[in-house]
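Q: My questions all concern the structure below.
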Amino acid sequence: MGVKQERTAIVLAGLVIGVVAVALVLLGNPANMGFCIACFLRDISGGLGLHRAAAVQYLRPEIPGLVLGSFAVALVKKEFAPRGGSSPITRFVLGFFVMIGCLMFLGCPFRMILRLAGGDGNALFGFVGFAAGILAGVFFLNKGYSLKRTYRQPAAEGGVLPAIMAVLLVLLAAAPSFIFFTEAGGGPGALHAAVLVSLAAGLLVGALAQRTRLCMVGGIRDLVLFREPKLLMGFAAIFVAALVGSLCLGKFVPGFAGQPVAHTDGLWNALGMFLTGYGCVLLGGCPLRQLVLAGEGNADSAVTVVGLLVGAAFAHNFGLASSGAGPTGAGKIAVITGIAVVSAIACANTFGKKE
Amino acid sequence: MEKLDARGLSCPEPVIMIRKAMLSGGERYEMVVDNTAAKENVTRYAQHQGYQVAVTASGGEYTLTMTK
């Protein structure tokens, strides 16, 4: 594929993904949350009972859809390549703190775009922090940061996370008593599109993201590092499609106060997304990209996804996640701790790598 | 000709590696990568820098030969 075709493809994919995100809200997902990898993993964490925040418990089928969509396309295109061994526990810790940052802001980079497109001005602070976090990560990349190489793994290793995702779908369908569901009217966990619609949306977006390598942090990162705008074009296309969609449906409500599943503390919105952008650059991709890579058989990304899930459980078990009322004191401490830990990881893997 | 091994590295590392190498302004570089995203990204970067890129694939690995 030439440069022009690549760019056309990612713009078209971004437009489709933006429309799908708006449609999911129309069909029942929480407002400005057609897709949110952090929120959905948090809901899954709750659905499995790893945390007991009753408002956010649901085995969101979009997540298995994303992984399995990528998995299927990777198999067809012969790009399914089980690999792993690139600093897995470091990636787990990075994933953990990326989630802490997301839940301070109340959304992953994907939802940040959707919040901006819905008129949520608080996401502007998030975006500033996000861009700054990416620049911090790029600084270390330029200095030689690396989590070292991966190695080929047996096929079974690459199939584990897709298999777990299939099990989540079975649990959702069977709804045994040990799986938690937010009760109707009980919070965002109760708001969702029909299962098959959500699953289909996940599969489609997973497939498109696999083909185009779409990544929310890659856009700004590649523009700064290489003057390469391809991934940023996908990011912008999602924004444009979601913006037009919310304008057409009368869902565009500009402002700061009273935005859905959001708070108005600008500093902490920015710091939360700073931590997220920073951690994601060190991981090599945003939470969406981690799911897609995991679908392609990347066991390191699978470990990262588990880190995100555990981070979400901790965030709600220890009162670190923000709510519409604002951030919590414990959440602020966790974000500062996260920035310190991520910086330590960045330094250790940049300056401490005597071969 | 400078030979670079970027097997096992995921993006953006292979591109950073070739960018660093190309600072010396060489005529010809050869890089081995083992994933399609790296193949695409390195190819795109080299083309932007005015290199012609030839790709040979074998056993899940790609050898990119970049010549000016």
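In the structure tokens, each chain is lettered A, B, ... as it comes, each chain's residues begin at 1, and ligands are numbered from 1 in order of appearance.
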Could you list, as a list in words, every residue of chain B that has an atom within 9 Å of an atom of chain A, counting only C-alpha atoms?

A: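 That gives the following set of residues: Ala6, Arg7, Gly8, Leu9, Ser10, Cys11, Pro12, Glu13, Val15, Ile16, Arg19, Asn35, Thr36, Ala37, Glu40, Arg44, Tyr45 and Gly60 of chain B.
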
Q: For the selection you just gave me, I'd like the residues written to a file as a PDB file, in the first residue's frame, keeping C-alpha atoms.

A:
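And here's selection_34.pdb as it stands now:
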```pdb
ATOM      1  CA  ALA B   6      15.381  -4.588  14.294  1.00  0.00           C
ATOM      2  CA  ARG B   7      13.847  -8.025  14.758  1.00  0.00           C
ATOM      3  CA  GLY B   8      11.592  -8.209  17.784  1.00  0.00           C
ATOM      4  CA  LEU B   9      11.384  -4.452  18.105  1.00  0.00           C
ATOM      5  CA  SER B  10       8.023  -2.819  17.780  1.00  0.00           C
ATOM      6  CA  CYS B  11       7.308   0.635  16.458  1.00  0.00           C
ATOM      7  CA  PRO B  12       8.453   3.289  16.757  1.00  0.00           C
ATOM      8  CA  GLU B  13      11.839   1.746  17.692  1.00  0.00           C
ATOM      9  CA  VAL B  15      12.041   3.818  12.706  1.00  0.00           C
ATOM     10  CA  ILE B  16      14.108   5.589  15.368  1.00  0.00           C
ATOM     11  CA  ARG B  19      16.531   7.558  11.442  1.00  0.00           C
ATOM     12  CA  ASN B  35       6.412  -7.464  11.878  1.00  0.00           C
ATOM     13  CA  THR B  36       4.367  -5.808   9.178  1.00  0.00           C
ATOM     14  CA  ALA B  37       3.819  -2.546  11.058  1.00  0.00           C
ATOM     15  CA  GLU B  40       5.413  -0.379   6.622  1.00  0.00           C
ATOM     16  CA  ARG B  44       7.500   4.994   4.626  1.00  0.00           C
ATOM     17  CA  TYR B  45      10.218   6.793   6.574  1.00  0.00           C
ATOM     18  CA  GLY B  60       7.948 -14.037   8.859  1.00  0.00           C
TER      19      GLY B  60
END
```

Q: With DSSP run on the backbone, what are the strand (DSSP E or B) residues within range 1-67 of chain B? I'd like them as a ChimeraX atom specification.

A: /B:2-5,28-33,52-58,61-67

Q: Could you write those residues out with C-alpha atoms, as a PDB file, in the first residue's frame?

A:
```
ATOM      1  CA  GLU B   2      25.109  -0.552   6.960  1.00  0.00           C
ATOM      2  CA  LYS B   3      23.133  -3.549   8.245  1.00  0.00           C
ATOM      3  CA  LEU B   4      20.615  -3.142  11.047  1.00  0.00           C
ATOM      4  CA  ASP B   5      18.734  -5.788  12.989  1.00  0.00           C
ATOM      5  CA  ARG B  28      22.579   2.047   1.206  1.00  0.00           C
ATOM      6  CA  TYR B  29      21.067   0.444   4.302  1.00  0.00           C
ATOM      7  CA  GLU B  30      19.697  -2.990   5.003  1.00  0.00           C
ATOM      8  CA  MET B  31      17.322  -3.632   7.880  1.00  0.00           C
ATOM      9  CA  VAL B  32      15.654  -6.823   9.042  1.00  0.00           C
ATOM     10  CA  VAL B  33      12.297  -6.510  10.806  1.00  0.00           C
ATOM     11  CA  GLN B  52      14.136   3.504  -2.746  1.00  0.00           C
ATOM     12  CA  VAL B  53      13.014   0.502  -0.760  1.00  0.00           C
ATOM     13  CA  ALA B  54      13.052  -3.131  -1.861  1.00  0.00           C
ATOM     14  CA  VAL B  55      11.468  -5.715   0.436  1.00  0.00           C
ATOM     15  CA  THR B  56      12.153  -9.444   0.529  1.00  0.00           C
ATOM     16  CA  ALA B  57      10.121 -11.636   2.857  1.00  0.00           C
ATOM     17  CA  SER B  58      11.031 -15.017   4.259  1.00  0.00           C
ATOM     18  CA  GLU B  61      10.960 -11.728   8.509  1.00  0.00           C
ATOM     19  CA  TYR B  62      11.354  -8.861   6.078  1.00  0.00           C
ATOM     20  CA  THR B  63      14.634  -7.567   4.734  1.00  0.00           C
ATOM     21  CA  LEU B  64      14.375  -3.967   3.611  1.00  0.00           C
ATOM     22  CA  THR B  65      17.064  -2.714   1.266  1.00  0.00           C
ATOM     23  CA  MET B  66      17.107   1.062   1.087  1.00  0.00           C
ATOM     24  CA  THR B  67      19.157   2.772  -1.607  1.00  0.00           C
TER      25      THR B  67
END
```

Q: Would you kindly return, as a tab-separated table (two decimals) with C-alpha atoms, in the first residue's frame, each protein, DNA or RNA residue with an atom no farther than 6 Å from any atom of range 235-238 of chain A, considering only C-alpha atoms and excluding same-chain residues fewer than 5 positions away?

A:
```tsv
chain	number	residue	atom	x	y	z
A	11	VAL	CA	-9.14	8.46	7.36
A	14	GLY	CA	-11.49	6.85	11.44
A	15	LEU	CA	-14.70	8.21	9.96
A	18	GLY	CA	-16.44	7.88	14.76
```

Q: Calculated over only C-alpha atoms, which of the candidates A:Ile179, A:Ala330, A:Val20, A:Leu75 has the smallest distance to Gly47 in chain A?

A: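 Residue with the minimum atom-to-atom distance to Gly47 in chain A: A:Ile179.
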
Q: Within range 72-141 of chain A, find each residue whose DSSP state, derived from the backbone, is alpha helix (DSSP H), and express the selection as a PyMOL selection string.

A: chain A and resi 72-76+88-105+109-117+122-141

Q: Please identify all polymer residues within 8 Å of Gly219 in chain A, counting only C-alpha atoms, omitting same-chain residues fewer than 3 positions from it, and present them as a list in words.

A: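 Contacts, with the query itself left out: Cys215, Met216, Asp222, Leu223, Pro229, Lys230, Leu231, Leu232, Met233, Gly234 and Phe235 of chain A.
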
Q: With N, CA and C atoms retained, write the just-selected residues as a PDB file, in the first residue's frame.

A:
```
ATOM      1  N   CYS A 215      -3.851   4.272  16.302  1.00  0.00           N
ATOM      2  CA  CYS A 215      -3.397   4.405  17.692  1.00  0.00           C
ATOM      3  C   CYS A 215      -3.531   5.866  18.089  1.00  0.00           C
ATOM      4  N   MET A 216      -4.100   6.071  19.271  1.00  0.00           N
ATOM      5  CA  MET A 216      -4.387   7.445  19.682  1.00  0.00           C
ATOM      6  C   MET A 216      -3.130   8.192  20.135  1.00  0.00           C
ATOM      7  N   ASP A 222       4.253  10.211  16.429  1.00  0.00           N
ATOM      8  CA  ASP A 222       4.920  10.097  15.127  1.00  0.00           C
ATOM      9  C   ASP A 222       5.102  11.450  14.452  1.00  0.00           C
ATOM     10  N   LEU A 223       4.159  12.354  14.709  1.00  0.00           N
ATOM     11  CA  LEU A 223       4.293  13.693  14.127  1.00  0.00           C
ATOM     12  C   LEU A 223       5.525  14.388  14.720  1.00  0.00           C
ATOM     13  N   PRO A 229       2.314  12.171   9.635  1.00  0.00           N
ATOM     14  CA  PRO A 229       0.969  12.505  10.104  1.00  0.00           C
ATOM     15  C   PRO A 229      -0.065  11.374   9.999  1.00  0.00           C
ATOM     16  N   LYS A 230       0.336  10.182   9.487  1.00  0.00           N
ATOM     17  CA  LYS A 230      -0.687   9.174   9.176  1.00  0.00           C
ATOM     18  C   LYS A 230      -1.619   8.874  10.355  1.00  0.00           C
ATOM     19  N   LEU A 231      -1.042   8.505  11.499  1.00  0.00           N
ATOM     20  CA  LEU A 231      -1.892   8.091  12.622  1.00  0.00           C
ATOM     21  C   LEU A 231      -2.721   9.255  13.160  1.00  0.00           C
ATOM     22  N   LEU A 232      -2.157  10.465  13.076  1.00  0.00           N
ATOM     23  CA  LEU A 232      -2.903  11.629  13.545  1.00  0.00           C
ATOM     24  C   LEU A 232      -4.128  11.873  12.663  1.00  0.00           C
ATOM     25  N   MET A 233      -4.011  11.493  11.405  1.00  0.00           N
ATOM     26  CA  MET A 233      -5.150  11.659  10.492  1.00  0.00           C
ATOM     27  C   MET A 233      -6.303  10.761  10.923  1.00  0.00           C
ATOM     28  N   GLY A 234      -5.991   9.560  11.406  1.00  0.00           N
ATOM     29  CA  GLY A 234      -7.035   8.662  11.908  1.00  0.00           C
ATOM     30  C   GLY A 234      -7.706   9.256  13.134  1.00  0.00           C
ATOM     31  N   PHE A 235      -6.894   9.778  14.029  1.00  0.00           N
ATOM     32  CA  PHE A 235      -7.355  10.437  15.261  1.00  0.00           C
ATOM     33  C   PHE A 235      -8.299  11.587  14.896  1.00  0.00           C
TER      34      PHE A 235
END
```

Q: Using only C-alpha atoms, find the one residue out of A:Ala123, A:Ile89, A:Ala190, A:Leu204 that sits nearest to Leu271 in chain A.

A: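 Among the listed residues, A:Ala123 lies closest to Leu271 in chain A.
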
Q: Would you list the contacts of His192 in chain A as a ChimeraX atom specification, taking every protein, DNA or RNA residue within 9 Å and counting only C-alpha atoms, but skipping same-chain residues closer than 4 positions in sequence?

A: /A:24-25,27-30,58,60,188,198

Q: Produce a file of the selected residues containing C-alpha atoms, as a PDB file, in the first residue's frame.

A:
```pdb
ATOM      1  CA  LEU A  24     -23.468   3.104  20.101  1.00  0.00           C
ATOM      2  CA  VAL A  25     -24.466   6.041  22.313  1.00  0.00           C
ATOM      3  CA  LEU A  27     -28.323   2.663  20.900  1.00  0.00           C
ATOM      4  CA  GLY A  28     -27.803   2.765  24.645  1.00  0.00           C
ATOM      5  CA  ASN A  29     -24.159   3.333  25.671  1.00  0.00           C
ATOM      6  CA  PRO A  30     -23.453   6.150  28.184  1.00  0.00           C
ATOM      7  CA  TYR A  58     -20.886  -5.017  33.030  1.00  0.00           C
ATOM      8  CA  ARG A  60     -18.812  -4.935  27.873  1.00  0.00           C
ATOM      9  CA  PRO A 188     -23.163   3.926  33.622  1.00  0.00           C
ATOM     10  CA  SER A 198     -21.915  -3.916  20.877  1.00  0.00           C
TER      11      SER A 198
END
```

Q: Restricting the calculation to only C-alpha atoms, which member of A:Val335, A:Val342, A:Cys39, A:Ile63 is positioned closest to Ala201 in chain A?

A: A:Ile63

Q: Fewer than 3 positions away in the same chain doesn't count, so skip those; otherwise give me all residues within 8 Å of range 92-109 of chain A, counting only C-alpha atoms, as a PyMOL selection string.

A: chain A and resi 36-39+88-89+112-113+126+130+216-217+261-263+268-277+279-280+282-283+286-287+303-312+315+320-323+327+331-332+334-335+338+342

Q: Do you have the CA of Phe239 in chain A-CA of Ser301 in chain A distance handy?

A: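 The value is 25.6 Å.
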
Q: Rounded to one decimal in Å, what is the spacing between CA of Gly137 in chain A and CA of Lys20 in chain B?

A: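 Going from CA of Gly137 in chain A over to CA of Lys20 in chain B covers 17.7 Å.
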
Q: Quick one, how far is CA of Leu247 in chain A from CA of Leu203 in chain A?

A: 26.0 Å
